[in-house]
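Visitor: structure17.cif is reproduced in full below (mmCIF, C-alpha atoms and all ligand atoms).
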```
data_my_file
loop_
_atom_site.group_PDB
_atom_site.id
_atom_site.type_symbol
_atom_site.label_atom_id
_atom_site.label_comp_id
_atom_site.auth_asym_id
_atom_site.auth_seq_id
_atom_site.Cartn_x
_atom_site.Cartn_y
_atom_site.Cartn_z
ATOM 1 C CA MET A 1 -8.071 8.404 2.611
ATOM 2 C CA THR A 2 -10.503 6.971 5.176
ATOM 3 C CA ASP A 3 -9.902 5.447 8.597
ATOM 4 C CA ALA A 4 -11.180 2.017 9.694
ATOM 5 C CA GLY A 5 -14.656 3.446 10.327
ATOM 6 C CA ASN A 6 -14.613 5.047 6.838
ATOM 7 C CA LYS A 7 -14.482 8.537 8.284
ATOM 8 C CA PRO A 8 -12.430 10.755 5.940
ATOM 9 C CA VAL A 9 -9.008 11.731 7.315
ATOM 10 C CA SER A 10 -6.851 14.664 6.258
ATOM 11 C CA ILE A 11 -3.173 14.018 5.521
ATOM 12 C CA ALA A 12 -0.305 16.450 5.680
ATOM 13 C CA LEU A 13 3.360 15.884 4.870
ATOM 14 C CA THR A 14 5.814 18.584 5.879
ATOM 15 C CA ASN A 15 9.434 18.647 4.766
ATOM 16 C CA CYS A 16 9.388 14.917 3.920
ATOM 17 C CA ALA A 17 12.625 13.935 2.184
ATOM 18 C CA LYS A 18 13.875 10.361 1.805
ATOM 19 C CA THR A 19 17.425 9.144 1.471
ATOM 20 C CA PHE A 20 17.864 5.360 1.409
ATOM 21 C CA ALA A 21 20.679 3.511 3.192
ATOM 22 C CA ASP A 22 22.738 3.226 -0.006
ATOM 23 C CA GLY A 23 22.661 7.026 -0.452
ATOM 24 C CA THR A 24 19.907 7.134 -3.090
ATOM 25 C CA LYS A 25 17.964 10.380 -2.737
ATOM 26 C CA ALA A 26 14.452 9.199 -3.545
ATOM 27 C CA LEU A 27 12.614 12.356 -2.446
ATOM 28 C CA GLU A 28 13.508 16.023 -2.204
ATOM 29 C CA PRO A 29 11.825 17.709 0.804
ATOM 30 C CA LEU A 30 8.095 17.548 0.072
ATOM 31 C CA ASP A 31 5.131 19.461 1.519
ATOM 32 C CA LEU A 32 1.715 18.067 0.728
ATOM 33 C CA ALA A 33 -1.767 18.700 2.125
ATOM 34 C CA ILE A 34 -4.687 16.415 1.302
ATOM 35 C CA ASP A 35 -8.116 17.369 2.649
ATOM 36 C CA ALA A 36 -10.377 14.827 4.301
ATOM 37 C CA GLY A 37 -12.264 13.014 1.525
ATOM 38 C CA GLU A 38 -10.127 14.492 -1.256
ATOM 39 C CA THR A 39 -8.840 12.120 -3.987
ATOM 40 C CA VAL A 40 -5.269 12.710 -5.153
ATOM 41 C CA VAL A 41 -3.333 11.048 -7.991
ATOM 42 C CA PHE A 42 0.466 11.053 -8.141
ATOM 43 C CA LEU A 43 1.751 11.244 -11.699
ATOM 44 C CA GLY A 44 5.396 11.325 -12.771
ATOM 45 C CA PRO A 45 8.248 9.490 -14.458
ATOM 46 C CA SER A 46 9.423 6.091 -13.227
ATOM 47 C CA GLY A 47 11.625 6.438 -10.159
ATOM 48 C CA CYS A 48 10.528 9.986 -9.251
ATOM 49 C CA GLY A 49 9.325 8.993 -5.766
ATOM 50 C CA LYS A 50 5.576 8.253 -5.991
ATOM 51 C CA THR A 51 5.683 4.908 -4.186
ATOM 52 C CA THR A 52 8.188 6.231 -1.645
ATOM 53 C CA THR A 53 5.697 8.997 -0.822
ATOM 54 C CA LEU A 54 2.880 6.459 -0.425
ATOM 55 C CA ARG A 55 5.083 4.261 1.777
ATOM 56 C CA ILE A 56 5.840 7.256 3.992
ATOM 57 C CA ILE A 57 2.108 8.007 4.274
ATOM 58 C CA ALA A 58 1.325 4.355 5.034
ATOM 59 C CA GLY A 59 4.100 4.042 7.632
ATOM 60 C CA LEU A 60 6.299 1.570 5.724
ATOM 61 C CA GLU A 61 9.132 4.132 5.560
ATOM 62 C CA GLU A 62 10.041 7.008 7.830
ATOM 63 C CA PRO A 63 10.997 10.323 6.218
ATOM 64 C CA ASP A 64 14.499 11.677 6.818
ATOM 65 C CA ALA A 65 14.946 13.569 10.087
ATOM 66 C CA GLY A 66 12.884 16.778 10.096
ATOM 67 C CA GLY A 67 10.001 15.325 8.063
ATOM 68 C CA LYS A 68 6.538 14.989 9.580
ATOM 69 C CA VAL A 69 3.381 13.031 8.699
ATOM 70 C CA LEU A 70 0.084 14.237 10.185
ATOM 71 C CA PHE A 71 -3.309 12.483 10.103
ATOM 72 C CA ASP A 72 -6.072 14.921 11.093
ATOM 73 C CA GLY A 73 -3.353 17.084 12.608
ATOM 74 C CA ALA A 74 -1.962 14.306 14.821
ATOM 75 C CA ASP A 75 1.722 13.459 14.378
ATOM 76 C CA VAL A 76 1.980 9.813 13.158
ATOM 77 C CA THR A 77 5.543 10.104 11.784
ATOM 78 C CA HIS A 78 6.895 7.379 14.057
ATOM 79 C CA LEU A 79 3.785 5.161 14.166
ATOM 80 C CA PRO A 80 4.191 1.823 12.323
ATOM 81 C CA ILE A 81 1.687 0.858 9.607
ATOM 82 C CA GLU A 82 -0.353 -1.421 11.875
ATOM 83 C CA GLN A 83 -1.206 1.560 14.090
ATOM 84 C CA ARG A 84 -2.262 3.905 11.260
ATOM 85 C CA ASN A 85 -5.451 2.339 9.832
ATOM 86 C CA VAL A 86 -4.303 2.589 6.221
ATOM 87 C CA GLY A 87 -4.729 0.194 3.299
ATOM 88 C CA MET A 88 -2.324 -0.218 0.393
ATOM 89 C CA VAL A 89 -2.221 -2.266 -2.807
ATOM 90 C CA PHE A 90 1.275 -3.146 -4.041
ATOM 91 C CA GLN A 91 2.844 -3.508 -7.459
ATOM 92 C CA SER A 92 4.459 -6.941 -8.009
ATOM 93 C CA TYR A 93 6.119 -8.715 -10.921
ATOM 94 C CA ALA A 94 7.129 -12.187 -9.651
ATOM 95 C CA LEU A 95 10.836 -11.399 -9.916
ATOM 96 C CA PHE A 96 13.355 -13.432 -7.884
ATOM 97 C CA PRO A 97 13.859 -11.307 -4.758
ATOM 98 C CA ASN A 98 17.127 -13.025 -3.771
ATOM 99 C CA MET A 99 18.828 -12.211 -7.108
ATOM 100 C CA THR A 100 20.173 -9.007 -8.572
ATOM 101 C CA VAL A 101 18.642 -7.310 -11.596
ATOM 102 C CA ALA A 102 21.301 -8.898 -13.854
ATOM 103 C CA GLY A 103 20.690 -12.298 -12.230
ATOM 104 C CA ASN A 104 16.982 -12.053 -12.925
ATOM 105 C CA VAL A 105 17.443 -11.017 -16.560
ATOM 106 C CA GLY A 106 19.981 -13.788 -17.226
ATOM 107 C CA TYR A 107 18.131 -16.543 -15.389
ATOM 108 C CA GLY A 108 16.360 -18.048 -18.394
ATOM 109 C CA LEU A 109 19.645 -18.291 -20.300
ATOM 110 C CA LYS A 110 21.454 -19.794 -17.342
ATOM 111 C CA ILE A 111 18.993 -22.652 -16.949
ATOM 112 C CA ARG A 112 19.370 -23.258 -20.687
ATOM 113 C CA LYS A 113 23.112 -23.645 -20.090
ATOM 114 C CA VAL A 114 24.092 -20.752 -22.349
ATOM 115 C CA PRO A 115 27.816 -19.948 -21.820
ATOM 116 C CA ASP A 116 28.498 -17.248 -19.195
ATOM 117 C CA ALA A 117 30.115 -14.771 -21.632
ATOM 118 C CA GLN A 118 27.077 -14.953 -23.887
ATOM 119 C CA ILE A 119 24.707 -14.451 -20.950
ATOM 120 C CA LYS A 120 26.692 -11.416 -19.853
ATOM 121 C CA ALA A 121 26.519 -9.847 -23.306
ATOM 122 C CA ARG A 122 22.806 -10.529 -23.692
ATOM 123 C CA VAL A 123 22.034 -9.170 -20.210
ATOM 124 C CA SER A 124 23.999 -5.961 -20.963
ATOM 125 C CA GLU A 125 22.086 -5.566 -24.198
ATOM 126 C CA MET A 126 18.723 -6.026 -22.426
ATOM 127 C CA LEU A 127 19.575 -3.634 -19.590
ATOM 128 C CA ALA A 128 20.699 -0.994 -22.080
ATOM 129 C CA MET A 129 17.495 -1.439 -24.082
ATOM 130 C CA MET A 130 15.416 -0.897 -20.921
ATOM 131 C CA GLN A 131 17.658 1.963 -19.726
ATOM 132 C CA ILE A 132 18.422 0.255 -16.420
ATOM 133 C CA THR A 133 22.146 -0.484 -16.865
ATOM 134 C CA ARG A 134 23.017 1.403 -13.679
ATOM 135 C CA LEU A 135 20.706 -0.879 -11.678
ATOM 136 C CA ALA A 136 22.415 -4.140 -12.741
ATOM 137 C CA ASP A 137 23.675 -5.015 -9.262
ATOM 138 C CA ARG A 138 20.637 -3.871 -7.271
ATOM 139 C CA ARG A 139 18.392 -6.300 -5.472
ATOM 140 C CA ILE A 140 14.780 -6.297 -6.647
ATOM 141 C CA ASP A 141 13.466 -4.884 -3.355
ATOM 142 C CA GLN A 142 15.601 -1.783 -3.931
ATOM 143 C CA LEU A 143 13.839 -0.858 -7.197
ATOM 144 C CA SER A 144 10.808 1.266 -7.978
ATOM 145 C CA GLY A 145 7.717 -0.405 -9.412
ATOM 146 C CA GLY A 146 8.338 0.787 -12.959
ATOM 147 C CA GLN A 147 11.966 -0.292 -12.714
ATOM 148 C CA ARG A 148 10.760 -3.771 -11.679
ATOM 149 C CA GLN A 149 8.439 -3.783 -14.662
ATOM 150 C CA ARG A 150 11.425 -3.076 -16.929
ATOM 151 C CA VAL A 151 13.395 -5.929 -15.335
ATOM 152 C CA ALA A 152 10.446 -8.274 -15.847
ATOM 153 C CA LEU A 153 10.225 -7.198 -19.495
ATOM 154 C CA ALA A 154 14.006 -7.569 -19.975
ATOM 155 C CA ARG A 155 13.892 -11.053 -18.446
ATOM 156 C CA ALA A 156 11.015 -12.008 -20.717
ATOM 157 C CA ILE A 157 12.777 -10.789 -23.858
ATOM 158 C CA ALA A 158 16.295 -11.994 -22.954
ATOM 159 C CA ALA A 159 15.609 -15.652 -23.580
ATOM 160 C CA SER A 160 13.374 -15.159 -26.588
ATOM 161 C CA ARG A 161 15.511 -15.530 -29.626
HETATM 162 N N1 LIG B 1 15.112 0.445 -0.828
HETATM 163 C C1 LIG B 1 15.680 1.276 -1.719
HETATM 164 N N2 LIG B 1 17.008 1.492 -1.713
HETATM 165 C C2 LIG B 1 17.589 2.347 -2.599
HETATM 166 N N3 LIG B 1 16.917 3.051 -3.531
HETATM 167 C C3 LIG B 1 15.588 2.869 -3.595
HETATM 168 C C4 LIG B 1 14.889 1.972 -2.709
HETATM 169 N N4 LIG B 1 13.564 2.007 -3.028
HETATM 170 C C5 LIG B 1 13.442 2.855 -4.056
HETATM 171 N N5 LIG B 1 14.651 3.390 -4.405
HETATM 172 C C6 LIG B 1 14.930 4.401 -5.442
HETATM 173 O O1 LIG B 1 14.214 5.594 -5.094
HETATM 174 C C7 LIG B 1 13.712 6.227 -6.272
HETATM 175 C C8 LIG B 1 12.202 6.439 -6.119
HETATM 176 O O2 LIG B 1 11.554 5.170 -6.113
HETATM 177 P P1 LIG B 1 9.952 5.042 -6.069
HETATM 178 O O3 LIG B 1 9.662 3.592 -5.859
HETATM 179 O O4 LIG B 1 9.387 5.990 -5.071
HETATM 180 O O5 LIG B 1 9.579 5.536 -7.553
HETATM 181 P P2 LIG B 1 8.146 5.647 -8.289
HETATM 182 O O6 LIG B 1 7.909 7.105 -8.556
HETATM 183 O O7 LIG B 1 7.107 4.919 -7.512
HETATM 184 O O8 LIG B 1 8.481 4.927 -9.680
HETATM 185 P P3 LIG B 1 7.576 3.920 -10.609
HETATM 186 O O9 LIG B 1 6.701 4.793 -11.465
HETATM 187 O O10 LIG B 1 8.638 3.244 -11.428
HETATM 188 O O11 LIG B 1 6.835 2.971 -9.725
HETATM 189 C C9 LIG B 1 14.122 5.323 -7.459
HETATM 190 O O12 LIG B 1 15.278 5.870 -8.049
HETATM 191 C C10 LIG B 1 14.435 3.977 -6.813
HETATM 192 O O13 LIG B 1 15.442 3.272 -7.528
HETATM 193 MG MG MG B 2 6.034 3.112 -7.891
#
```
Once you've parsed the file, please lay out its structure as structure tokens.
Guide:
Amino acid sequence: MTDAGNKPVSIALTNCAKTFADGTKALEPLDLAIDAGETVVFLGPSGCGKTTTLRIIAGLEEPDAGGKVLFDGADVTHLPIEQRNVGMVFQSYALFPNMTVAGNVGYGLKIRKVPDAQIKARVSEMLAMMQITRLADRRIDQLSGGQRQRVALARAIAASR
């Protein structure tokens, strides 16, 4: 990572866990050291905590109590994003943010006036196919990027037959 003047900055996370308000444990306590100028790629299954880690580094989330974020050794754990000189590109899938996962997947059927029972069955089928049944009642902003991608795919397929 670089600061606003493009000077490389070292990043350290110590003991950074994240538990969301609904009890979801998104991150086990994580220690991570990235040298100034070093390039690091996070790789792992959907929902394993990659974006949560990036959001903690950027200052969009705070780690659970006891976690620390250091830039060049300085503690920035409680600094908001606008005071950290970081840039971030987001994933986005044009889902309806005010609807649940099930609401999004069933939307195309609803506007086609398909009967409710049929919508419910089709939505269940789509969620099962995408392995996101347990997320049916979540709002979109409570999902990981890959989970959103699955919802977008389920919504696209749901109305196509
Ligand atoms: N605001 C939130 N409230 C509750 N749970 C959340 C919230 N944001 C993310 N999660 C959950 O935390 C876990 C980690 O999410 P994260 O976005 O870090 O995953 P990821 O590794 O980036 O996945 P992907 O590869 O799909 O983008 C997931 O199980 C996700 O459902
Ligand atoms: Mg992600």
Visitor: Taking all atoms listed in the file into account, which of A:Arg148, A:Ile11, A:Lys18, A:Thr133 comes nearest Ala74 in chain A?
Guide: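 Checking each candidate against Ala74 in chain A, we get A:Ile11 as the closest.
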Visitor: Applying 12 Å and only C-alpha atoms, which residues near Gln142 in chain A remain after dropping the ones on its own chain fewer than 6 positions away? List them as a PyMOL selection string.
Guide: chain A and resi 20-24+26+47+51-52+97-101+135-136+148
Visitor: Using the chain letters and numbers from this file, what does the PyMOL selection byres (((chain A and resi 60-67) around 10) and not hetatm) select? Give the answer as a PyMOL selection string.
Guide: chain A and resi 13-20+27+29-31+52-59+68-69+77-82
Visitor: Which residues, named as in the file, does the PyMOL selection byres (((chain A and resi 95) around 12) and not hetatm) pick out? Answer as a PyMOL selection string.
Guide: chain A and resi 91-94+96-107+139-141+143+145+147-156
Visitor: Would you compute the box with edges along x, y and z of the file around ligand LIG 1 (chain B), including every atom the file lists for it and 6 Å extra on each side, and give its centre and edge lengths in Å to one decimal, as AutoDock Vina command-line options?
Guide:
```
--center_x 12.1 --center_y 3.8 --center_z -6.1 --size_x 22.9 --size_y 18.7 --size_z 22.6
```
Visitor: Quick one: of A:Gln118, A:Thr39, A:Ser144, A:Gln131, who's nearest to ligand MG 2 (chain B), counting all atoms listed in the file?
Guide: A:Ser144
Visitor: Counting only C-alpha atoms and all ligand atoms, figure out which residue out of A:Ile132, A:Ala121, A:Val86, A:Leu70 gets nearest to ligand LIG 1 (chain B).
Guide: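 Going through A:Ile132, A:Ala121, A:Val86, A:Leu70 one by one, the smallest distance to ligand LIG 1 (chain B) is for A:Ile132.
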Visitor: CA of Pro45 in chain A and atom O4 of ligand LIG 1 (chain B), how far apart in Å?
Guide: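 For atom O4 of ligand LIG 1 (chain B) relative to CA of Pro45 in chain A, the distance reads 10.1 Å.
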Visitor: Mind pulling up the distance from CA of Glu38 in chain A to atom O9 of ligand LIG 1 (chain B)?
Guide: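 CA of Glu38 in chain A lies at a distance of 21.9 Å from atom O9 of ligand LIG 1 (chain B).
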Visitor: I'd like to know which of A:Cys48, A:Ala158, A:Ala128, A:Ala117 is closest to ligand LIG 1 (chain B), using all atoms listed in the file.
Guide: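 Between A:Cys48, A:Ala158, A:Ala128, A:Ala117, the residue approaching ligand LIG 1 (chain B) most closely is A:Cys48.
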Visitor: Between CA of Gly146 in chain A and atom O7 of ligand LIG 1 (chain B), what is the distance, to one decimal in Å?
Guide: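 These atoms are spaced 6.9 Å apart.
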Visitor: Using all atoms listed in the file, which residue out of A:Gly49, A:Gly108, A:Gly87, A:Pro115 lies closest to ligand LIG 1 (chain B)?
Guide: A:Gly49
Visitor: When distances are computed from all atoms listed in the file, which of A:Asp137, A:Val41, A:Arg122, A:Ser46 shows the smallest separation from ligand LIG 1 (chain B)?
Guide: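 Counting all atoms listed in the file, the residue closest to ligand LIG 1 (chain B) is A:Ser46.
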